[in-house]
Amino acid sequence: MSAISALLIPPSSSLPLLPPPQSFFFSLPAPLVCLYKPPTAFFSAPKPQLRLLPRRALSGRDETAEASVSTATIAVDNAESPDATAFVIRARNWIGLLQVITRVFKILGLRIERATIEVEGEFFVKRFLVVDSHGAKIEDPESLDRIERALRDAIDGAADRTPAGPGTARLGSRSLVVRRAGLVPESGEGKAKAERMFSLMDGFLKNDPISLQKDILDHVEYTVARSRFSFDDFEAYQAVSHSVRDRLIERWHDTHAYFKRKDPKRLYFFSLEFLMGRSLSNSVINLGVRDQYADALNQLGFEFEVLAEQEGDAAQGNGGLARLSACQMDSLATMDFPAWGYGLRYQYGLFRQVILDGFQHEQPDYWLNFGNPWEIERIHVSYAVKFYGTVEEQDLNGGKRKVWVPGEMVEAVAYDNPIPGYGTRNTINLRLWAAKPSDLYDMESYGTGDYINAVINRQKAETISSVLYPDDRSYQGKELRLKQQYFFVSASVQDIIRRFKDSLNDFNQFPEKVALQLNDTHPSLAIPEVMRVLVDEEFLSWKQAWDIVCKIFSCTTHTVVPEGLEKIPVDLLGSVLPRHLQIIFDINFSFMEELKKHFGLDFNRLSQMSIVEEGAVKSIRMANLSIVCCHTVNGVSRVHLDILKTKVFKDFYELWPQKFHYKTNGVTQVSPDAMFDVQIKRIHEYKRQLLNILGIIYRYDCIKNMKESDRRKVVPRVCIIGGKAAPGYDMAKKIIKLCHAVGETINNDSDIDDLLKLVFIPDFNVSVAELVIPGSDLSQHISTAGHEASGTGSMKFLMNGCLLLATADGATIEIIEEIGEDNMFLFGAKVHEVPKLREKAENHRVALQFARVLRMVRDGYFGYEDYFKSLCDSIEGGGDFYLLGNDFASYLEAQAAADKAFVDQERWTKMSILSTAGSGRFSSDKTVGEYAHQTWGIEPCRCPF
């Protein structure tokens, strides 16, 4: 009988046979499936953790299977760890070696607690810390000898049948590969190969238009699988998105490598919803490559805005809570915090709303039908999530421990979504979990020919992550919601603990490295889950585990009425998660005993504060569980906190007032201290975008030459210019180029930091205006007096509360009459003054500030000296037809007045309110009514319903 065959029969009571647990790496081999008869219940072991620890160099030559056989050694060490037995295997590596070793341990019912791989010359040294089915060391000499012989027979036998690879070790069916080229050999051909690989990887993807075009076309052909000579807008969007994702991944890898090296305390943000919306526009803006992509696409015959519209919303949430989650992830990345987000990857997002005859009708949102280029499927990052079953007691070191024997398992597969920060290289991760059937169940069903059951099991598993907010009016709906909540919580907790144990094993340090934020009560099952893992799997005492839990958890509640607080029926929780119900009961018992010390036998108060609600339907109050276990409970505004303190959680506030705080909800913004200074018009010399740019140059020059103490007094500005130049209008095109050149210098000057930014919005249109206008603080309407017929753009800004910096031209004169000069920033020559100033233009002495900034452009401070020469010539001497030099000093005074008003918040707010109030006169409804009555002679004709 071979060693492997012998393993199928339990050799002694010290090594009882257990069915193989769900594998992290591979499935049970087919020959063993035929012989194996699974019992009705089984245990699930934690997945082994493998860390590559390169110690010395590898050569580049191939190893043979025969060499592996002749040089493999196996040693047993029971002194290395007090809790586990170490098996040290030294052998030349070949494909499948790790699979064979871990398979032997599994068949014997042994559990790998930890494993490492070290490199010694041409050999791999694999060290496994192993425990038996009871979690104890293996000390029986006969059992140790049997395990050693089984390992040797399995390694030698498998090596005889396994061709050796030139430099890879494949880790099980998940096809994880340790590439030898990733280690740096000391000399020879191997070193040259490694240097070549690193030289190819040394540097980042380029962002010039030509490089971007090549990347886009490569993705069209190789990712989207379309001809680069024939593809439509949607296929172009997919290609562009993948090229942007490539750049996100670069930053993602750098960020997490840096986090791993620095090993800071990390935030893990749990939310059942993330309403991320569209990613393309946000990503290119945060990456700082929006203009480059627009230029590259334009040369290929595409418009960036059109392609951006091809993206559907990732509707993974509903309303404010979900949007808050998304905004907070964005802010966390922008502010460089080490953080991860965890949630569910719903196959169907929030429903699509259709209105017919005034009634709402819902349609499924098949947002994944055409794929999602922004996510990265991590098929090798999966965890077994357990449901149902029973809880048994086992002896452990003279005491008792609880063991959950599940009745159902599904796999949680990770999908990563890079979240880039703005103004930083940091790109953090949002990890969403998708439910897949357990390989073991599939194999059992297919192996016995029960194909129908296999399909049913697959559908049942995948349902968990199918729909956002299933209808919970039925028992089945409540059960599905509960399974959704626990599914993503369990996978996330396993992922967090695995990451922690990669570098540390002392759970006393867990609170120093981990913070868990619960967004509302949906993820509150994380609390008993962490307790379960620490007590049942890591063997910590209840007190030690409880102390850790109370230090790591915080929560935010969005509820304003007690009726809205989440409750789970005890019968349902006990059926789906029997061990968690026990833990919650134990937490509540301890809490009730503590309350009695504070309030005595006040049964009404005890009943209100209990985690367990006694009533017609006995239920678990998830909000109470969160408050008891979290060190901080946040409301989302000052008013909300008052409601929590006085109504919703009045009793808890009296007990723990220090726990309650509020954080007013916010949305993703640029700096709130910066003034948004906007000029959006078609590019023309009379509209004087050039005057605006020269003013920005002057502001930049002043900041550069300021002392550090004076810079603190500067009002931060974000200057936005948008508009198109006529195809044959050369001077207007040069103004656009100057804007970009100046912006590139300013935006990349670390001395300036966030005090000044210049952004040009390409392809400006109505959709962009709908975004820009409401967010503007100051709008510039600075045409040379007498050249603007109306200027209706100023009216749009006015009604949105934006203040105007303007010349007395066009409709601005009527606006002055409506809101008054004191509520605007006026400058420049009046209409009647312009002709006389032009006559004297040759003799006009321009301000020194104007001469200086013009000289900076002419001398090539911003590059392109020859290209901008004609632009400078057009405004010097007698050629300054639009009076930029004449109005420059007055323009700077108006800008200074705007700065002064902006820092006076009360004054600025009053001016803004009066601007909005005075905009009613400038309504198109009023204008059309006047036309109809006075010019067209028509009357309303309203069609009845």
# chains A, B, ... in the order shown; residues from 1 in each chain; ligands from 1

call {"tool": "select_by_dssp", "arguments": {"residues": "region 274-358 of chain A", "states": "alpha helix (DSSP H)", "output": "VMD selection string"}}
result
chain A and resid 280 to 287 290 to 299 304 to 308 320 to 334

call {"tool": "write_last_selection", "arguments": {"atoms": "N, CA, C and O atoms", "output": "compact mmCIF listing (two decimals), in the first residue's frame"}}
result
# COMPACT_ATOMS: atom_id res chain seq x y z
N LEU A 280 -14.20 57.53 -14.89
CA LEU A 280 -13.22 58.01 -15.87
C LEU A 280 -12.83 59.46 -15.63
O LEU A 280 -11.65 59.78 -15.48
N SER A 281 -13.81 60.35 -15.60
CA SER A 281 -13.50 61.77 -15.44
C SER A 281 -12.81 62.03 -14.11
O SER A 281 -11.82 62.77 -14.04
N ASN A 282 -13.33 61.42 -13.05
CA ASN A 282 -12.73 61.63 -11.74
C ASN A 282 -11.29 61.14 -11.71
O ASN A 282 -10.40 61.79 -11.13
N SER A 283 -11.02 60.01 -12.35
CA SER A 283 -9.68 59.43 -12.31
C SER A 283 -8.67 60.28 -13.06
O SER A 283 -7.56 60.53 -12.57
N VAL A 284 -9.02 60.73 -14.26
CA VAL A 284 -8.04 61.51 -15.03
C VAL A 284 -7.79 62.86 -14.39
O VAL A 284 -6.67 63.40 -14.47
N ILE A 285 -8.81 63.43 -13.74
CA ILE A 285 -8.60 64.69 -13.02
C ILE A 285 -7.68 64.48 -11.84
O ILE A 285 -6.73 65.23 -11.62
N ASN A 286 -7.95 63.42 -11.07
CA ASN A 286 -7.10 63.16 -9.91
C ASN A 286 -5.69 62.77 -10.31
O ASN A 286 -4.73 63.07 -9.58
N LEU A 287 -5.54 62.13 -11.45
CA LEU A 287 -4.22 61.78 -11.95
C LEU A 287 -3.51 62.97 -12.59
O LEU A 287 -2.31 62.90 -12.85
N ARG A 290 -6.04 64.89 -17.45
CA ARG A 290 -7.28 65.10 -18.19
C ARG A 290 -7.01 65.78 -19.54
O ARG A 290 -7.50 65.34 -20.58
N ASP A 291 -6.23 66.84 -19.54
CA ASP A 291 -5.95 67.57 -20.79
C ASP A 291 -5.18 66.70 -21.77
O ASP A 291 -5.41 66.75 -22.98
N GLN A 292 -4.24 65.92 -21.25
CA GLN A 292 -3.45 65.06 -22.13
C GLN A 292 -4.32 64.02 -22.83
O GLN A 292 -4.15 63.75 -24.03
N TYR A 293 -5.25 63.43 -22.09
CA TYR A 293 -6.16 62.46 -22.71
C TYR A 293 -7.07 63.14 -23.72
O TYR A 293 -7.35 62.57 -24.79
N ALA A 294 -7.53 64.34 -23.39
CA ALA A 294 -8.40 65.05 -24.33
C ALA A 294 -7.67 65.33 -25.62
O ALA A 294 -8.21 65.15 -26.72
N ASP A 295 -6.41 65.76 -25.53
CA ASP A 295 -5.61 66.04 -26.73
C ASP A 295 -5.37 64.77 -27.54
O ASP A 295 -5.50 64.75 -28.77
N ALA A 296 -5.01 63.70 -26.83
CA ALA A 296 -4.72 62.44 -27.52
C ALA A 296 -5.95 61.93 -28.26
O ALA A 296 -5.87 61.49 -29.41
N LEU A 297 -7.09 61.96 -27.61
CA LEU A 297 -8.32 61.48 -28.22
C LEU A 297 -8.76 62.37 -29.37
O LEU A 297 -9.26 61.89 -30.40
N ASN A 298 -8.58 63.67 -29.21
CA ASN A 298 -8.97 64.59 -30.27
C ASN A 298 -8.22 64.29 -31.56
O ASN A 298 -8.78 64.34 -32.66
N GLN A 299 -6.95 63.96 -31.44
CA GLN A 299 -6.15 63.63 -32.62
C GLN A 299 -6.55 62.30 -33.24
O GLN A 299 -6.27 62.05 -34.41
N PHE A 304 -13.29 63.58 -25.59
CA PHE A 304 -13.23 62.99 -24.26
C PHE A 304 -14.59 63.00 -23.58
O PHE A 304 -15.00 62.00 -22.98
N GLU A 305 -15.30 64.13 -23.65
CA GLU A 305 -16.59 64.23 -22.97
C GLU A 305 -17.59 63.22 -23.51
O GLU A 305 -18.41 62.68 -22.76
N VAL A 306 -17.54 62.97 -24.80
CA VAL A 306 -18.45 62.00 -25.41
C VAL A 306 -18.14 60.60 -24.88
O VAL A 306 -19.04 59.82 -24.54
N LEU A 307 -16.86 60.28 -24.80
CA LEU A 307 -16.48 58.95 -24.29
C LEU A 307 -16.83 58.81 -22.82
O LEU A 307 -17.26 57.73 -22.37
N ALA A 308 -16.65 59.88 -22.05
CA ALA A 308 -16.97 59.82 -20.62
C ALA A 308 -18.45 59.53 -20.40
O ALA A 308 -18.82 58.87 -19.42
N GLY A 320 -27.70 59.24 0.33
CA GLY A 320 -26.67 59.94 1.08
C GLY A 320 -25.67 59.05 1.76
O GLY A 320 -24.47 59.33 1.75
N LEU A 321 -26.11 57.97 2.39
CA LEU A 321 -25.18 57.09 3.09
C LEU A 321 -24.14 56.52 2.14
O LEU A 321 -22.95 56.49 2.44
N ALA A 322 -24.61 56.09 0.96
CA ALA A 322 -23.70 55.50 -0.02
C ALA A 322 -22.77 56.54 -0.62
O ALA A 322 -21.59 56.28 -0.86
N ARG A 323 -23.30 57.74 -0.86
CA ARG A 323 -22.46 58.80 -1.42
C ARG A 323 -21.44 59.27 -0.39
O ARG A 323 -20.30 59.60 -0.73
N LEU A 324 -21.86 59.30 0.89
CA LEU A 324 -20.91 59.64 1.95
C LEU A 324 -19.75 58.66 1.96
O LEU A 324 -18.58 59.06 2.09
N SER A 325 -20.05 57.39 1.80
CA SER A 325 -18.99 56.37 1.77
C SER A 325 -18.01 56.66 0.63
O SER A 325 -16.79 56.59 0.81
N ALA A 326 -18.55 56.96 -0.54
CA ALA A 326 -17.70 57.23 -1.70
C ALA A 326 -16.85 58.48 -1.48
O ALA A 326 -15.65 58.49 -1.76
N CYS A 327 -17.47 59.54 -0.97
CA CYS A 327 -16.74 60.79 -0.74
C CYS A 327 -15.66 60.60 0.32
O CYS A 327 -14.56 61.16 0.20
N GLN A 328 -15.97 59.84 1.32
CA GLN A 328 -14.97 59.63 2.36
C GLN A 328 -13.79 58.81 1.85
O GLN A 328 -12.65 59.06 2.23
N MET A 329 -14.05 57.85 0.97
CA MET A 329 -12.94 57.12 0.36
C MET A 329 -12.07 58.07 -0.46
O MET A 329 -10.83 58.01 -0.41
N ASP A 330 -12.69 58.96 -1.20
CA ASP A 330 -11.95 59.93 -2.01
C ASP A 330 -11.11 60.85 -1.12
O ASP A 330 -9.94 61.12 -1.40
N SER A 331 -11.70 61.31 -0.03
CA SER A 331 -10.98 62.20 0.88
C SER A 331 -9.85 61.48 1.60
O SER A 331 -8.78 62.05 1.81
N LEU A 332 -10.12 60.25 1.95
CA LEU A 332 -9.06 59.47 2.60
C LEU A 332 -7.85 59.33 1.68
O LEU A 332 -6.70 59.42 2.14
N ALA A 333 -8.09 59.09 0.41
CA ALA A 333 -6.99 58.99 -0.55
C ALA A 333 -6.30 60.34 -0.73
O ALA A 333 -5.07 60.43 -0.73
N THR A 334 -7.08 61.39 -0.87
CA THR A 334 -6.52 62.72 -1.11
C THR A 334 -5.69 63.20 0.07
O THR A 334 -4.67 63.87 -0.11

call {"tool": "select_by_dssp", "arguments": {"residues": "region 466-688 of chain A", "states": "strand (DSSP E or B)", "output": "PyMOL selection string"}}
result
chain A and resi 467+514-519+553-556+567-569+612-613+619-621+632-635+660-662+675-680

call {"tool": "closest_residue", "arguments": {"among": "A:Asp208, A:Asp263, A:Asp536, A:Asp254", "to": "Thr427 (chain A)", "atoms": "only C-alpha atoms"}}
result
A:Asp254

call {"tool": "residues_around", "arguments": {"residues": "Lys543 (chain A)", "least_positions_apart": "3", "cutoff": "12 Å", "atoms": "only C-alpha atoms", "output": "list in words"}}
result
Asn508, Met531, Leu534, Val535, Phe539, Leu540, Trp546, Asp547, Ile548, Val549, Cys550, Asp586, Ile587 and Ser590 of chain A

call {"tool": "residues_around", "arguments": {"residues": "region 509-521 of chain A", "least_positions_apart": "3", "cutoff": "10 Å", "atoms": "only C-alpha atoms", "output": "ChimeraX atom specification"}}
result
/A:263-273,321-322,324-325,339-341,485,493,496-497,500-501,504-506,524-527,547-559,565-567,621-627,630,632-635

call {"tool": "residues_around", "arguments": {"residues": "region 816-823 of chain A", "least_positions_apart": "6", "cutoff": "9 Å", "atoms": "only C-alpha atoms", "output": "PDB file with N, CA and C atoms, in the first residue's frame"}}
result
ATOM      1  N   LEU A 803     -20.235  86.197  -7.438  1.00  0.00           N
ATOM      2  CA  LEU A 803     -19.967  87.629  -7.579  1.00  0.00           C
ATOM      3  C   LEU A 803     -19.246  87.896  -8.889  1.00  0.00           C
ATOM      4  N   LEU A 804     -19.431  89.098  -9.424  1.00  0.00           N
ATOM      5  CA  LEU A 804     -18.895  89.450 -10.734  1.00  0.00           C
ATOM      6  C   LEU A 804     -17.727  90.420 -10.612  1.00  0.00           C
ATOM      7  N   ALA A 808     -17.820  97.793 -17.205  1.00  0.00           N
ATOM      8  CA  ALA A 808     -19.176  98.318 -17.450  1.00  0.00           C
ATOM      9  C   ALA A 808     -19.489  98.182 -18.922  1.00  0.00           C
ATOM     10  N   TRP A 908     -19.073  88.905   2.154  1.00  0.00           N
ATOM     11  CA  TRP A 908     -19.163  88.130   0.908  1.00  0.00           C
ATOM     12  C   TRP A 908     -20.529  87.432   0.800  1.00  0.00           C
ATOM     13  N   LYS A 910     -23.355  88.344   2.158  1.00  0.00           N
ATOM     14  CA  LYS A 910     -24.390  89.345   1.883  1.00  0.00           C
ATOM     15  C   LYS A 910     -24.388  89.727   0.406  1.00  0.00           C
ATOM     16  N   MET A 911     -23.201  89.943  -0.162  1.00  0.00           N
ATOM     17  CA  MET A 911     -23.100  90.290  -1.583  1.00  0.00           C
ATOM     18  C   MET A 911     -23.633  89.162  -2.452  1.00  0.00           C
ATOM     19  N   SER A 912     -23.350  87.913  -2.048  1.00  0.00           N
ATOM     20  CA  SER A 912     -23.811  86.757  -2.819  1.00  0.00           C
ATOM     21  C   SER A 912     -25.331  86.657  -2.801  1.00  0.00           C
ATOM     22  N   LEU A 914     -27.496  89.078  -2.319  1.00  0.00           N
ATOM     23  CA  LEU A 914     -28.069  90.176  -3.111  1.00  0.00           C
ATOM     24  C   LEU A 914     -27.916  89.919  -4.603  1.00  0.00           C
ATOM     25  N   SER A 915     -26.832  89.237  -4.996  1.00  0.00           N
ATOM     26  CA  SER A 915     -26.648  88.902  -6.415  1.00  0.00           C
ATOM     27  C   SER A 915     -27.733  87.945  -6.874  1.00  0.00           C
ATOM     28  N   ALA A 917     -30.652  87.444  -5.433  1.00  0.00           N
ATOM     29  CA  ALA A 917     -31.952  88.121  -5.367  1.00  0.00           C
ATOM     30  C   ALA A 917     -32.166  89.047  -6.555  1.00  0.00           C
ATOM     31  N   GLY A 918     -31.100  89.660  -7.034  1.00  0.00           N
ATOM     32  CA  GLY A 918     -31.235  90.589  -8.151  1.00  0.00           C
ATOM     33  C   GLY A 918     -31.237  89.936  -9.508  1.00  0.00           C
ATOM     34  N   SER A 919     -31.081  88.614  -9.543  1.00  0.00           N
ATOM     35  CA  SER A 919     -30.999  87.945 -10.844  1.00  0.00           C
ATOM     36  C   SER A 919     -32.360  87.667 -11.457  1.00  0.00           C
ATOM     37  N   ARG A 921     -34.645  89.516 -12.462  1.00  0.00           N
ATOM     38  CA  ARG A 921     -34.925  90.380 -13.610  1.00  0.00           C
ATOM     39  C   ARG A 921     -34.382  89.794 -14.896  1.00  0.00           C
TER      40      ARG A 921
END

call {"tool": "residues_around", "arguments": {"residues": "region 405-412 of chain A", "least_positions_apart": "6", "cutoff": "10 Å", "atoms": "only C-alpha atoms", "output": "number ranges by chain"}}
result
A: 22, 40-44, 344, 379, 381-392, 432-441, 457-458, 460-462, 464-465, 487-488, 490-492, 576-579

call {"tool": "closest_residue", "arguments": {"among": "A:Arg855, A:Arg378, A:His253, A:Arg717", "to": "Arg431 (chain A)", "atoms": "only C-alpha atoms"}}
result
A:Arg378

call {"tool": "closest_residue", "arguments": {"among": "A:Ile752, A:Arg682, A:Val670, A:Tyr861", "to": "Lys707 (chain A)", "atoms": "only C-alpha atoms"}}
result
A:Ile752

call {"tool": "residues_around", "arguments": {"residues": "region 210-224 of chain A", "least_positions_apart": "6", "cutoff": "12 Å", "atoms": "only C-alpha atoms", "output": "PDB file with N, CA and C atoms, in the first residue's frame"}}
result
ATOM      1  N   PHE A 204       7.568  54.823 -15.194  1.00  0.00           N
ATOM      2  CA  PHE A 204       6.115  54.752 -15.235  1.00  0.00           C
ATOM      3  C   PHE A 204       5.609  55.019 -16.642  1.00  0.00           C
ATOM      4  N   SER A 230     -11.125  50.303 -36.681  1.00  0.00           N
ATOM      5  CA  SER A 230     -12.582  50.369 -36.699  1.00  0.00           C
ATOM      6  C   SER A 230     -13.132  50.070 -35.313  1.00  0.00           C
ATOM      7  N   PHE A 231     -13.404  51.132 -34.566  1.00  0.00           N
ATOM      8  CA  PHE A 231     -14.006  50.961 -33.247  1.00  0.00           C
ATOM      9  C   PHE A 231     -14.856  52.172 -32.935  1.00  0.00           C
ATOM     10  N   ASP A 232     -15.906  51.946 -32.135  1.00  0.00           N
ATOM     11  CA  ASP A 232     -16.879  53.009 -31.877  1.00  0.00           C
ATOM     12  C   ASP A 232     -16.591  53.715 -30.558  1.00  0.00           C
ATOM     13  N   ASP A 233     -17.491  54.624 -30.164  1.00  0.00           N
ATOM     14  CA  ASP A 233     -17.286  55.422 -28.961  1.00  0.00           C
ATOM     15  C   ASP A 233     -17.207  54.564 -27.706  1.00  0.00           C
ATOM     16  N   PHE A 234     -18.086  53.560 -27.611  1.00  0.00           N
ATOM     17  CA  PHE A 234     -18.076  52.738 -26.408  1.00  0.00           C
ATOM     18  C   PHE A 234     -16.795  51.920 -26.311  1.00  0.00           C
ATOM     19  N   GLU A 235     -16.352  51.374 -27.428  1.00  0.00           N
ATOM     20  CA  GLU A 235     -15.103  50.612 -27.421  1.00  0.00           C
ATOM     21  C   GLU A 235     -13.919  51.522 -27.132  1.00  0.00           C
ATOM     22  N   ALA A 236     -13.992  52.756 -27.623  1.00  0.00           N
ATOM     23  CA  ALA A 236     -12.949  53.729 -27.297  1.00  0.00           C
ATOM     24  C   ALA A 236     -12.958  54.034 -25.804  1.00  0.00           C
ATOM     25  N   TYR A 237     -14.159  54.171 -25.223  1.00  0.00           N
ATOM     26  CA  TYR A 237     -14.257  54.411 -23.774  1.00  0.00           C
ATOM     27  C   TYR A 237     -13.605  53.265 -23.004  1.00  0.00           C
ATOM     28  N   GLN A 238     -13.907  52.018 -23.415  1.00  0.00           N
ATOM     29  CA  GLN A 238     -13.323  50.879 -22.716  1.00  0.00           C
ATOM     30  C   GLN A 238     -11.797  50.893 -22.790  1.00  0.00           C
ATOM     31  N   ALA A 239     -11.279  51.213 -23.959  1.00  0.00           N
ATOM     32  CA  ALA A 239      -9.823  51.247 -24.128  1.00  0.00           C
ATOM     33  C   ALA A 239      -9.191  52.360 -23.296  1.00  0.00           C
ATOM     34  N   VAL A 240      -9.815  53.540 -23.334  1.00  0.00           N
ATOM     35  CA  VAL A 240      -9.308  54.657 -22.536  1.00  0.00           C
ATOM     36  C   VAL A 240      -9.334  54.308 -21.053  1.00  0.00           C
ATOM     37  N   SER A 241     -10.421  53.697 -20.609  1.00  0.00           N
ATOM     38  CA  SER A 241     -10.551  53.348 -19.191  1.00  0.00           C
ATOM     39  C   SER A 241      -9.470  52.369 -18.761  1.00  0.00           C
ATOM     40  N   HIS A 242      -9.187  51.393 -19.605  1.00  0.00           N
ATOM     41  CA  HIS A 242      -8.129  50.441 -19.249  1.00  0.00           C
ATOM     42  C   HIS A 242      -6.760  51.120 -19.223  1.00  0.00           C
ATOM     43  N   SER A 243      -6.540  52.065 -20.114  1.00  0.00           N
ATOM     44  CA  SER A 243      -5.253  52.759 -20.088  1.00  0.00           C
ATOM     45  C   SER A 243      -5.127  53.626 -18.841  1.00  0.00           C
ATOM     46  N   VAL A 244      -6.229  54.237 -18.410  1.00  0.00           N
ATOM     47  CA  VAL A 244      -6.211  55.013 -17.166  1.00  0.00           C
ATOM     48  C   VAL A 244      -6.007  54.080 -15.979  1.00  0.00           C
ATOM     49  N   ARG A 245      -6.702  52.937 -16.022  1.00  0.00           N
ATOM     50  CA  ARG A 245      -6.549  51.974 -14.928  1.00  0.00           C
ATOM     51  C   ARG A 245      -5.110  51.507 -14.796  1.00  0.00           C
ATOM     52  N   ASP A 246      -4.418  51.342 -15.927  1.00  0.00           N
ATOM     53  CA  ASP A 246      -3.005  50.977 -15.881  1.00  0.00           C
ATOM     54  C   ASP A 246      -2.223  51.964 -15.021  1.00  0.00           C
ATOM     55  N   ARG A 247      -2.532  53.237 -15.182  1.00  0.00           N
ATOM     56  CA  ARG A 247      -1.830  54.276 -14.436  1.00  0.00           C
ATOM     57  C   ARG A 247      -2.256  54.292 -12.969  1.00  0.00           C
ATOM     58  N   VAL A 289      -4.148  64.167 -15.661  1.00  0.00           N
ATOM     59  CA  VAL A 289      -3.877  63.898 -17.077  1.00  0.00           C
ATOM     60  C   VAL A 289      -5.115  64.123 -17.939  1.00  0.00           C
ATOM     61  N   ARG A 290      -6.037  64.894 -17.450  1.00  0.00           N
ATOM     62  CA  ARG A 290      -7.275  65.102 -18.190  1.00  0.00           C
ATOM     63  C   ARG A 290      -7.012  65.780 -19.537  1.00  0.00           C
ATOM     64  N   ASP A 291      -6.231  66.842 -19.544  1.00  0.00           N
ATOM     65  CA  ASP A 291      -5.948  67.566 -20.789  1.00  0.00           C
ATOM     66  C   ASP A 291      -5.178  66.702 -21.771  1.00  0.00           C
ATOM     67  N   GLN A 292      -4.238  65.916 -21.252  1.00  0.00           N
ATOM     68  CA  GLN A 292      -3.447  65.055 -22.132  1.00  0.00           C
ATOM     69  C   GLN A 292      -4.320  64.021 -22.834  1.00  0.00           C
ATOM     70  N   TYR A 293      -5.254  63.429 -22.091  1.00  0.00           N
ATOM     71  CA  TYR A 293      -6.161  62.463 -22.705  1.00  0.00           C
ATOM     72  C   TYR A 293      -7.071  63.135 -23.724  1.00  0.00           C
ATOM     73  N   ALA A 294      -7.534  64.339 -23.387  1.00  0.00           N
ATOM     74  CA  ALA A 294      -8.400  65.048 -24.325  1.00  0.00           C
ATOM     75  C   ALA A 294      -7.666  65.330 -25.624  1.00  0.00           C
ATOM     76  N   ASP A 295      -6.407  65.762 -25.527  1.00  0.00           N
ATOM     77  CA  ASP A 295      -5.609  66.038 -26.731  1.00  0.00           C
ATOM     78  C   ASP A 295      -5.371  64.767 -27.539  1.00  0.00           C
ATOM     79  N   ALA A 296      -5.006  63.703 -26.833  1.00  0.00           N
ATOM     80  CA  ALA A 296      -4.721  62.444 -27.524  1.00  0.00           C
ATOM     81  C   ALA A 296      -5.946  61.926 -28.256  1.00  0.00           C
ATOM     82  N   LEU A 297      -7.088  61.961 -27.607  1.00  0.00           N
ATOM     83  CA  LEU A 297      -8.324  61.475 -28.218  1.00  0.00           C
ATOM     84  C   LEU A 297      -8.762  62.368 -29.367  1.00  0.00           C
ATOM     85  N   ASN A 298      -8.585  63.666 -29.210  1.00  0.00           N
ATOM     86  CA  ASN A 298      -8.970  64.590 -30.273  1.00  0.00           C
ATOM     87  C   ASN A 298      -8.217  64.291 -31.558  1.00  0.00           C
ATOM     88  N   GLN A 299      -6.952  63.961 -31.438  1.00  0.00           N
ATOM     89  CA  GLN A 299      -6.151  63.632 -32.617  1.00  0.00           C
ATOM     90  C   GLN A 299      -6.549  62.300 -33.241  1.00  0.00           C
ATOM     91  N   LEU A 300      -7.223  61.455 -32.427  1.00  0.00           N
ATOM     92  CA  LEU A 300      -7.731  60.186 -32.958  1.00  0.00           C
ATOM     93  C   LEU A 300      -9.150  60.311 -33.494  1.00  0.00           C
ATOM     94  N   GLY A 301      -9.721  61.524 -33.366  1.00  0.00           N
ATOM     95  CA  GLY A 301     -11.068  61.757 -33.876  1.00  0.00           C
ATOM     96  C   GLY A 301     -12.169  61.531 -32.861  1.00  0.00           C
ATOM     97  N   PHE A 302     -11.821  61.498 -31.567  1.00  0.00           N
ATOM     98  CA  PHE A 302     -12.810  61.297 -30.512  1.00  0.00           C
ATOM     99  C   PHE A 302     -12.809  62.492 -29.566  1.00  0.00           C
ATOM    100  N   PHE A 370     -21.813  45.098 -19.590  1.00  0.00           N
ATOM    101  CA  PHE A 370     -20.734  45.382 -20.536  1.00  0.00           C
ATOM    102  C   PHE A 370     -19.384  45.435 -19.839  1.00  0.00           C
ATOM    103  N   GLY A 371     -19.327  44.824 -18.656  1.00  0.00           N
ATOM    104  CA  GLY A 371     -18.069  44.776 -17.942  1.00  0.00           C
ATOM    105  C   GLY A 371     -17.809  46.047 -17.155  1.00  0.00           C
ATOM    106  N   PRO A 373     -14.399  48.120 -16.394  1.00  0.00           N
ATOM    107  CA  PRO A 373     -12.946  48.191 -16.583  1.00  0.00           C
ATOM    108  C   PRO A 373     -12.188  48.689 -15.370  1.00  0.00           C
TER     109      PRO A 373
END

call {"tool": "closest_residue", "arguments": {"among": "A:Ser619, A:Gln780, A:Thr812, A:Thr909", "to": "Ala894 (chain A)", "atoms": "only C-alpha atoms"}}
result
A:Gln780

call {"tool": "closest_residue", "arguments": {"among": "A:Ser709, A:Leu848, A:Met609, A:Arg261", "to": "Tyr653 (chain A)", "atoms": "only C-alpha atoms"}}
result
A:Met609

call {"tool": "closest_residue", "arguments": {"among": "A:His134, A:Lys796, A:Arg278, A:Lys659", "to": "Ser779 (chain A)", "atoms": "only C-alpha atoms"}}
result
A:Lys796

call {"tool": "atom_distance", "arguments": {"atom1": "CA of Thr116 (chain A)", "atom2": "CA of Phe507 (chain A)"}}
result
19.9 Å
